[in-house]
Each structure stands twice: as structure tokens, then as C-alpha cells.
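Structure file upload-v4.pdb; described as PDB, C-alpha atoms.
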```
ATOM      1  CA  MET A   1      17.878 -55.956  -5.745  1.00  0.00           C
ATOM      2  CA  ASN A   2      17.394 -59.719  -5.749  1.00  0.00           C
ATOM      3  CA  ASP A   3      19.848 -61.817  -7.728  1.00  0.00           C
ATOM      4  CA  PRO A   4      17.736 -63.975 -10.100  1.00  0.00           C
ATOM      5  CA  VAL A   5      20.486 -66.621 -10.171  1.00  0.00           C
ATOM      6  CA  ASP A   6      20.444 -67.022  -6.373  1.00  0.00           C
ATOM      7  CA  PRO A   7      18.030 -69.885  -5.495  1.00  0.00           C
ATOM      8  CA  GLU A   8      17.051 -68.030  -2.327  1.00  0.00           C
ATOM      9  CA  SER A   9      15.794 -65.014  -4.318  1.00  0.00           C
ATOM     10  CA  ASN A  10      14.378 -66.884  -7.323  1.00  0.00           C
ATOM     11  CA  PRO A  11      10.742 -67.896  -6.671  1.00  0.00           C
ATOM     12  CA  PHE A  12      10.599 -70.500  -9.477  1.00  0.00           C
ATOM     13  CA  ASP A  13      10.387 -73.525  -7.179  1.00  0.00           C
ATOM     14  CA  ARG A  14       7.681 -71.817  -5.111  1.00  0.00           C
ATOM     15  CA  VAL A  15       5.675 -70.961  -8.229  1.00  0.00           C
ATOM     16  CA  VAL A  16       5.767 -73.865 -10.683  1.00  0.00           C
ATOM     17  CA  GLY A  17       3.457 -76.409  -9.024  1.00  0.00           C
ATOM     18  CA  HIS A  18       0.926 -73.813  -7.966  1.00  0.00           C
ATOM     19  CA  TRP A  19       1.097 -72.117 -11.358  1.00  0.00           C
ATOM     20  CA  GLU A  20       0.019 -75.341 -13.051  1.00  0.00           C
ATOM     21  CA  GLN A  21      -3.053 -75.360 -10.779  1.00  0.00           C
ATOM     22  CA  VAL A  22      -3.812 -71.725 -11.665  1.00  0.00           C
ATOM     23  CA  ILE A  23      -3.671 -72.630 -15.380  1.00  0.00           C
ATOM     24  CA  GLU A  24      -6.014 -75.592 -14.796  1.00  0.00           C
ATOM     25  CA  ASP A  25      -8.395 -73.317 -12.883  1.00  0.00           C
ATOM     26  CA  MET A  26      -8.236 -70.840 -15.754  1.00  0.00           C
ATOM     27  CA  ALA A  27      -9.265 -73.540 -18.243  1.00  0.00           C
ATOM     28  CA  ALA A  28     -12.207 -74.555 -16.029  1.00  0.00           C
ATOM     29  CA  THR A  29     -13.250 -70.908 -15.611  1.00  0.00           C
ATOM     30  CA  ALA A  30     -13.030 -70.355 -19.382  1.00  0.00           C
ATOM     31  CA  THR A  31     -15.299 -73.364 -19.907  1.00  0.00           C
ATOM     32  CA  GLN A  32     -17.848 -71.830 -17.514  1.00  0.00           C
ATOM     33  CA  TYR A  33     -17.794 -68.543 -19.429  1.00  0.00           C
ATOM     34  CA  ARG A  34     -18.185 -70.369 -22.729  1.00  0.00           C
ATOM     35  CA  ASP A  35     -21.066 -72.432 -21.332  1.00  0.00           C
ATOM     36  CA  ASP A  36     -22.716 -69.104 -20.453  1.00  0.00           C
ATOM     37  CA  GLY A  37     -22.389 -68.011 -24.099  1.00  0.00           C
ATOM     38  CA  ARG A  38     -19.370 -65.737 -23.752  1.00  0.00           C
ATOM     39  CA  GLU A  39     -16.145 -65.709 -25.683  1.00  0.00           C
ATOM     40  CA  ALA A  40     -13.281 -66.511 -23.297  1.00  0.00           C
ATOM     41  CA  ILE A  41      -9.682 -65.657 -24.099  1.00  0.00           C
ATOM     42  CA  GLU A  42      -7.134 -67.514 -21.981  1.00  0.00           C
ATOM     43  CA  LEU A  43      -3.689 -65.973 -21.619  1.00  0.00           C
ATOM     44  CA  HIS A  44      -0.624 -68.099 -20.853  1.00  0.00           C
ATOM     45  CA  PRO A  45       2.101 -65.724 -19.643  1.00  0.00           C
ATOM     46  CA  GLY A  46       5.696 -66.739 -20.080  1.00  0.00           C
ATOM     47  CA  ASP A  47       6.590 -64.152 -17.464  1.00  0.00           C
ATOM     48  CA  VAL A  48       4.816 -62.009 -14.889  1.00  0.00           C
ATOM     49  CA  ALA A  49       6.707 -59.210 -13.164  1.00  0.00           C
ATOM     50  CA  VAL A  50       5.718 -56.675 -10.552  1.00  0.00           C
ATOM     51  CA  LEU A  51       6.554 -53.125 -11.641  1.00  0.00           C
ATOM     52  CA  THR A  52       6.901 -50.681  -8.766  1.00  0.00           C
ATOM     53  CA  GLY A  53       8.631 -47.855 -10.616  1.00  0.00           C
ATOM     54  CA  GLU A  54      12.132 -48.608  -9.470  1.00  0.00           C
ATOM     55  CA  PRO A  55      14.717 -48.827 -12.279  1.00  0.00           C
ATOM     56  CA  ARG A  56      15.019 -52.372 -13.544  1.00  0.00           C
ATOM     57  CA  THR A  57      17.839 -52.004 -16.040  1.00  0.00           C
ATOM     58  CA  LEU A  58      21.416 -50.822 -15.744  1.00  0.00           C
ATOM     59  CA  ALA A  59      20.711 -48.110 -18.336  1.00  0.00           C
ATOM     60  CA  GLU A  60      17.917 -46.745 -16.133  1.00  0.00           C
ATOM     61  CA  GLN A  61      20.053 -46.958 -13.003  1.00  0.00           C
ATOM     62  CA  THR A  62      22.897 -44.999 -14.618  1.00  0.00           C
ATOM     63  CA  GLY A  63      20.542 -42.461 -16.195  1.00  0.00           C
ATOM     64  CA  GLU A  64      21.440 -43.453 -19.771  1.00  0.00           C
ATOM     65  CA  TYR A  65      17.806 -44.270 -20.476  1.00  0.00           C
ATOM     66  CA  GLU A  66      14.613 -42.917 -18.969  1.00  0.00           C
ATOM     67  CA  PRO A  67      11.325 -44.285 -20.310  1.00  0.00           C
ATOM     68  CA  GLU A  68       8.698 -41.733 -21.365  1.00  0.00           C
ATOM     69  CA  THR A  69       6.105 -43.389 -19.168  1.00  0.00           C
ATOM     70  CA  ARG A  70       7.024 -45.789 -16.434  1.00  0.00           C
ATOM     71  CA  ARG A  71       4.702 -48.778 -16.299  1.00  0.00           C
ATOM     72  CA  LEU A  72       3.414 -49.691 -12.861  1.00  0.00           C
ATOM     73  CA  GLY A  73       1.562 -52.808 -11.703  1.00  0.00           C
ATOM     74  CA  PHE A  74       1.901 -56.137 -13.489  1.00  0.00           C
ATOM     75  CA  ASP A  75       3.985 -56.731 -16.615  1.00  0.00           C
ATOM     76  CA  VAL A  76       2.423 -59.760 -18.332  1.00  0.00           C
ATOM     77  CA  VAL A  77       4.390 -61.259 -21.240  1.00  0.00           C
ATOM     78  CA  VAL A  78       2.252 -63.521 -23.436  1.00  0.00           C
ATOM     79  CA  PRO A  79       2.808 -65.343 -26.736  1.00  0.00           C
ATOM     80  CA  GLY A  80       2.422 -63.129 -29.804  1.00  0.00           C
ATOM     81  CA  ASP A  81      -0.745 -64.847 -31.062  1.00  0.00           C
ATOM     82  CA  GLU A  82      -2.426 -64.481 -27.658  1.00  0.00           C
ATOM     83  CA  PHE A  83      -1.399 -60.834 -27.486  1.00  0.00           C
ATOM     84  CA  ARG A  84      -2.840 -60.149 -30.939  1.00  0.00           C
ATOM     85  CA  ARG A  85      -6.105 -61.853 -29.984  1.00  0.00           C
ATOM     86  CA  VAL A  86      -6.533 -59.844 -26.775  1.00  0.00           C
ATOM     87  CA  ALA A  87      -5.432 -56.583 -28.417  1.00  0.00           C
ATOM     88  CA  ASP A  88      -7.978 -57.050 -31.203  1.00  0.00           C
ATOM     89  CA  ALA A  89     -10.721 -58.077 -28.767  1.00  0.00           C
ATOM     90  CA  LEU A  90     -10.182 -55.100 -26.442  1.00  0.00           C
ATOM     91  CA  GLU A  91      -9.631 -52.552 -29.211  1.00  0.00           C
ATOM     92  CA  ASP A  92     -13.262 -51.422 -29.250  1.00  0.00           C
ATOM     93  CA  ARG A  93     -14.460 -52.797 -25.902  1.00  0.00           C
ATOM     94  CA  THR A  94     -14.286 -51.590 -22.334  1.00  0.00           C
ATOM     95  CA  VAL A  95     -13.551 -53.813 -19.366  1.00  0.00           C
ATOM     96  CA  ASP A  96     -16.551 -53.102 -17.178  1.00  0.00           C
ATOM     97  CA  ARG A  97     -16.065 -55.699 -14.469  1.00  0.00           C
ATOM     98  CA  SER A  98     -13.216 -57.745 -13.044  1.00  0.00           C
ATOM     99  CA  GLU A  99     -13.415 -60.832 -10.928  1.00  0.00           C
ATOM    100  CA  VAL A 100     -10.305 -61.889  -9.043  1.00  0.00           C
ATOM    101  CA  PHE A 101      -9.774 -65.452  -7.855  1.00  0.00           C
ATOM    102  CA  ARG A 102      -6.852 -65.766  -5.470  1.00  0.00           C
ATOM    103  CA  ALA A 103      -4.780 -68.127  -3.389  1.00  0.00           C
ATOM    104  CA  THR A 104      -1.624 -67.900  -1.312  1.00  0.00           C
ATOM    105  CA  ASP A 105       1.038 -70.508  -0.621  1.00  0.00           C
ATOM    106  CA  ASP A 106       4.819 -70.722  -0.147  1.00  0.00           C
ATOM    107  CA  GLY A 107       5.093 -66.956   0.278  1.00  0.00           C
ATOM    108  CA  MET A 108       3.446 -66.328  -3.102  1.00  0.00           C
ATOM    109  CA  VAL A 109       0.115 -64.799  -4.137  1.00  0.00           C
ATOM    110  CA  PHE A 110      -1.580 -66.446  -7.119  1.00  0.00           C
ATOM    111  CA  LEU A 111      -4.343 -64.611  -8.976  1.00  0.00           C
ATOM    112  CA  LEU A 112      -6.687 -65.376 -11.821  1.00  0.00           C
ATOM    113  CA  VAL A 113      -8.229 -62.166 -13.106  1.00  0.00           C
ATOM    114  CA  ALA A 114     -11.326 -62.352 -15.277  1.00  0.00           C
ATOM    115  CA  LEU A 115     -11.677 -59.133 -17.268  1.00  0.00           C
ATOM    116  CA  GLU A 116     -15.309 -58.978 -18.352  1.00  0.00           C
ATOM    117  CA  CYS A 117     -16.521 -56.880 -21.255  1.00  0.00           C
ATOM    118  CA  GLY A 118     -20.297 -56.766 -21.247  1.00  0.00           C
ATOM    119  CA  ASP A 119     -22.038 -60.092 -21.576  1.00  0.00           C
ATOM    120  CA  ASP A 120     -20.006 -61.386 -24.500  1.00  0.00           C
ATOM    121  CA  LEU A 121     -16.291 -61.481 -23.577  1.00  0.00           C
ATOM    122  CA  ALA A 122     -14.020 -62.468 -20.712  1.00  0.00           C
ATOM    123  CA  VAL A 123     -10.220 -62.267 -20.845  1.00  0.00           C
ATOM    124  CA  LEU A 124      -8.564 -64.522 -18.281  1.00  0.00           C
ATOM    125  CA  VAL A 125      -5.209 -63.319 -16.975  1.00  0.00           C
ATOM    126  CA  PRO A 126      -3.252 -65.461 -14.500  1.00  0.00           C
ATOM    127  CA  LEU A 127      -0.826 -63.519 -12.306  1.00  0.00           C
ATOM    128  CA  TYR A 128       1.432 -64.123  -9.348  1.00  0.00           C
ATOM    129  CA  TYR A 129       3.735 -62.171  -7.096  1.00  0.00           C
ATOM    130  CA  ASP A 130       6.036 -62.781  -4.167  1.00  0.00           C
ATOM    131  CA  GLN A 131       4.508 -61.605  -0.890  1.00  0.00           C
ATOM    132  CA  THR A 132       7.695 -59.611  -0.261  1.00  0.00           C
ATOM    133  CA  ASP A 133       6.495 -57.340  -3.120  1.00  0.00           C
ATOM    134  CA  ARG A 134       3.083 -56.811  -1.508  1.00  0.00           C
ATOM    135  CA  ALA A 135       3.858 -53.573   0.379  1.00  0.00           C
ATOM    136  CA  ASP A 136       5.470 -51.896  -2.656  1.00  0.00           C
ATOM    137  CA  LEU A 137       2.727 -53.061  -5.033  1.00  0.00           C
ATOM    138  CA  SER A 138       0.028 -51.965  -2.598  1.00  0.00           C
ATOM    139  CA  GLN A 139       1.671 -48.538  -2.314  1.00  0.00           C
ATOM    140  CA  VAL A 140       1.830 -48.225  -6.102  1.00  0.00           C
ATOM    141  CA  ALA A 141      -1.875 -49.113  -6.275  1.00  0.00           C
ATOM    142  CA  ALA A 142      -2.729 -46.529  -3.596  1.00  0.00           C
ATOM    143  CA  ASP A 143      -0.638 -43.782  -5.225  1.00  0.00           C
ATOM    144  CA  HIS A 144      -1.168 -44.447  -8.937  1.00  0.00           C
ATOM    145  CA  GLY A 145      -3.804 -47.167  -9.386  1.00  0.00           C
ATOM    146  CA  LEU A 146      -3.265 -50.806 -10.280  1.00  0.00           C
ATOM    147  CA  TYR A 147      -2.643 -51.895 -13.866  1.00  0.00           C
ATOM    148  CA  SER A 148      -1.843 -54.989 -15.888  1.00  0.00           C
ATOM    149  CA  HIS A 149       0.306 -54.373 -18.945  1.00  0.00           C
ATOM    150  CA  ILE A 150      -0.211 -57.262 -21.354  1.00  0.00           C
ATOM    151  CA  ARG A 151       2.405 -57.441 -24.064  1.00  0.00           C
ATOM    152  CA  PRO A 152       4.276 -59.743 -26.434  1.00  0.00           C
ATOM    153  CA  LEU A 153       7.931 -60.535 -25.862  1.00  0.00           C
ATOM    154  CA  THR A 154       9.026 -57.808 -28.293  1.00  0.00           C
ATOM    155  CA  ASP A 155       7.608 -55.062 -26.011  1.00  0.00           C
ATOM    156  CA  ASP A 156       6.696 -52.903 -29.028  1.00  0.00           C
ATOM    157  CA  GLU A 157       2.973 -52.988 -28.216  1.00  0.00           C
ATOM    158  CA  VAL A 158       1.068 -53.151 -24.962  1.00  0.00           C
ATOM    159  CA  VAL A 159      -2.542 -53.433 -23.819  1.00  0.00           C
ATOM    160  CA  THR A 160      -2.946 -51.767 -20.444  1.00  0.00           C
ATOM    161  CA  VAL A 161      -5.896 -52.636 -18.249  1.00  0.00           C
ATOM    162  CA  THR A 162      -6.846 -50.571 -15.201  1.00  0.00           C
ATOM    163  CA  HIS A 163      -8.028 -52.528 -12.177  1.00  0.00           C
ATOM    164  CA  GLU A 164     -10.588 -50.182 -10.631  1.00  0.00           C
ATOM    165  CA  ASP A 165     -10.658 -52.046  -7.313  1.00  0.00           C
ATOM    166  CA  PRO A 166      -7.176 -53.180  -6.282  1.00  0.00           C
ATOM    167  CA  GLU A 167      -8.264 -54.655  -2.932  1.00  0.00           C
ATOM    168  CA  PRO A 168      -8.930 -58.205  -4.220  1.00  0.00           C
ATOM    169  CA  PHE A 169      -5.312 -58.356  -5.446  1.00  0.00           C
ATOM    170  CA  PHE A 170      -4.066 -58.217  -1.846  1.00  0.00           C
ATOM    171  CA  PRO A 171      -5.428 -61.156   0.163  1.00  0.00           C
ATOM    172  CA  GLU A 172      -4.823 -61.149   3.900  1.00  0.00           C
TER     173      GLU A 172
END
```

Could I get this file's structure written as C-alpha cells?
Amino acid sequence: MNDPVDPESNPFDRVVGHWEQVIEDMAATATQYRDDGREAIELHPGDVAVLTGEPRTLAEQTGEYEPETRRLGFDVVVPGDEFRRVADALEDRTVDRSEVFRATDDGMVFLLVALECGDDLAVLVPLYYDQTDRADLSQVAADHGLYSHIRPLTDDEVVTVTHEDPEPFFPE
């Protein structure tokens, strides 16, 4: 397991500049959706993690705790007000189309996922992952499907979105 304190294993420096560009692209994309008459919800994750099913906590590793359902895919932690907005918006809607904008640089994959609900709503979810996680994430997608779990910091609620076509998440 990578040591998050070790600068060699911590991708922060490889993410920050590119992440700012992803957020700017998200704002421009949201403006396009709004100009087309849609509501656009922009999410600003404080953390994005790749979940491949391997234990992430000491309690899980020692067997002291086993979650009822193991989340797989992307864990997307957003501010509480943004979570509430997306949870309310998706409560009675179905995501019927996703568009994935992507870029790669510095060993990272950057994604902007537009979750479209009919002609009236788009939820914009920026994501990233280290290319060293690609094989494991791709295997999870092949075996179980690909999901984004959008949640507040408290982790007491979650909105899970299924990505029907995982291929765009894995640029060559």
C-alpha cells in the first residue's frame, strides 16, 4: 500500500495544476448546459479515491470490521450543500446518458463526467486517478461495473451512479 506521506507515492503535485484546469472546464461546460436551457449542478470534490475492493482501513485488514457492501469505483467526497443538491436532484430522476471528457498528464487521468437526466439536468462530476490504478479499476469495471459514489464528508449518505459504459474512463 502506498504511504500517503511519501512524496513519491502522493500524487498531489501531479494533480493540483491539472485539477484547476478540470474545474475551469467544468464551469465552461456548465455554462453550455445552462445556455441550452438545462439545470447544471457542478460538484467540487475535496477528495476522489479509487475503490478496488481491497481493505483500506486497519480495522478491515485485521477483520475487526467488514462493511455490508463494499463500494467499488470512485469515492467522491463533496461539500455537504453540494451533496444535498445532487441527492435531491437525482432522487426522482434517472441518469440516462453520460458524457466523459478526459485528459492524461503526469501519470494521471483526469475526467469530467456529465451525468445527463433527460433534457433538463446535468450533474458535472470531476474525477481523477493515478494511471497505476488503471489495471485494478478496469478489472473492477469488467467484473462488477463502474460506479461513482458521491457523498458528504460524514459518509452517512451516498448517491451511487452506475456508469453503463466504462470504456471512456480508460483513455489509451

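If you look at atom CA of A:Leu112 and atom CA of A:Val100, they are 5.7 Å away from each other.
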
Quick one: distance from atom CA of A:Asp105 to atom CA of A:Thr132 in Å, one decimal? 12.8 Å

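Nearest to A:Gly37 of all the residues A:Val158, A:Ala122, A:Ala141, A:Leu127 is A:Ala122, counting only C-alpha atoms.
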
When distances are computed from only C-alpha atoms, which of A:Glu164, A:Asp156, A:Asp119, A:Glu91 shows the smallest separation from A:His144? A:Glu164

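What the PyMOL selection byres ((chain A and resi 104) around 12) picks from this file is Arg14, Val15, His18, Trp19, Val22, Phe101, Arg102, Ala103, Asp105, Asp106, Gly107, Met108, Val109, Phe110, Leu111, Leu112, Leu127, Tyr128, Tyr129, Asp130, Gln131, Phe169, Phe170, Pro171 and Glu172 of chain A.
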
Could you list the residues chosen by the PyMOL selection byres ((chain A and resi 161) around 9) in this structure as a ChimeraX atom specification? /A:95,115,146-150,159-160,162-163

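For the residues A:His44, A:Arg134, A:Arg38, A:Arg93, ranking by smallest atom-to-atom distance to A:Glu167 using all atoms listed in the file places A:Arg134 first.
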
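For the file at hand, the PyMOL selection byres ((chain A and resi 97) around 7) resolves to A:Val95, A:Asp96, A:Ser98, A:Glu99, A:Leu115, A:Glu116, A:Cys117.
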
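If all atoms listed in the file are the atoms counted, then among A:Val123, A:Val86, A:Val140, A:Ala27 the closest residue to A:Val50 is A:Val140.
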
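Residues near the point (6.3, -70.1, -17.8), at a distance of 10 Å or less over only C-alpha atoms, make up Phe12, Val15, Val16, Trp19, Glu20, His44, Pro45, Gly46, Asp47, Val48, Val77 and Val78 of chain A.
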
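Using all atoms listed in the file for every distance, the candidate list A:Leu43, A:Ala49, A:Ile23, A:Ala114 yields A:Leu43 as the residue closest to A:Asp81.
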
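Candidate residues A:Asp36, A:Asp13, A:Glu42, A:Asp165 were compared for distance to A:Ala142, and the nearest is A:Asp165, using only C-alpha atoms.
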
Which polymer residues, whether protein, DNA or RNA, lie within 8 Å of the coordinate (5.8, -53.1, -6.5) when you count all atoms listed in the file? List them as a ChimeraX atom specification, using the chain letters and numbers from the file. /A:50-53,72-73,133-140

Written file, previous selection with C-alpha atoms, as a short mmCIF file (atom, residue, chain, number, x, y, z; two decimals), keeping the file's coordinate frame:
```cif
data_model
loop_
_atom_site.label_atom_id
_atom_site.label_comp_id
_atom_site.auth_asym_id
_atom_site.auth_seq_id
_atom_site.Cartn_x
_atom_site.Cartn_y
_atom_site.Cartn_z
CA VAL A 50 5.72 -56.68 -10.55
CA LEU A 51 6.55 -53.12 -11.64
CA THR A 52 6.90 -50.68 -8.77
CA GLY A 53 8.63 -47.86 -10.62
CA LEU A 72 3.41 -49.69 -12.86
CA GLY A 73 1.56 -52.81 -11.70
CA ASP A 133 6.50 -57.34 -3.12
CA ARG A 134 3.08 -56.81 -1.51
CA ALA A 135 3.86 -53.57 0.38
CA ASP A 136 5.47 -51.90 -2.66
CA LEU A 137 2.73 -53.06 -5.03
CA SER A 138 0.03 -51.96 -2.60
CA GLN A 139 1.67 -48.54 -2.31
CA VAL A 140 1.83 -48.22 -6.10
#
```

May I ask for the distance between atom CA of A:Arg34 and atom CA of A:Pro166, given in Å to one decimal place? 26.2 Å
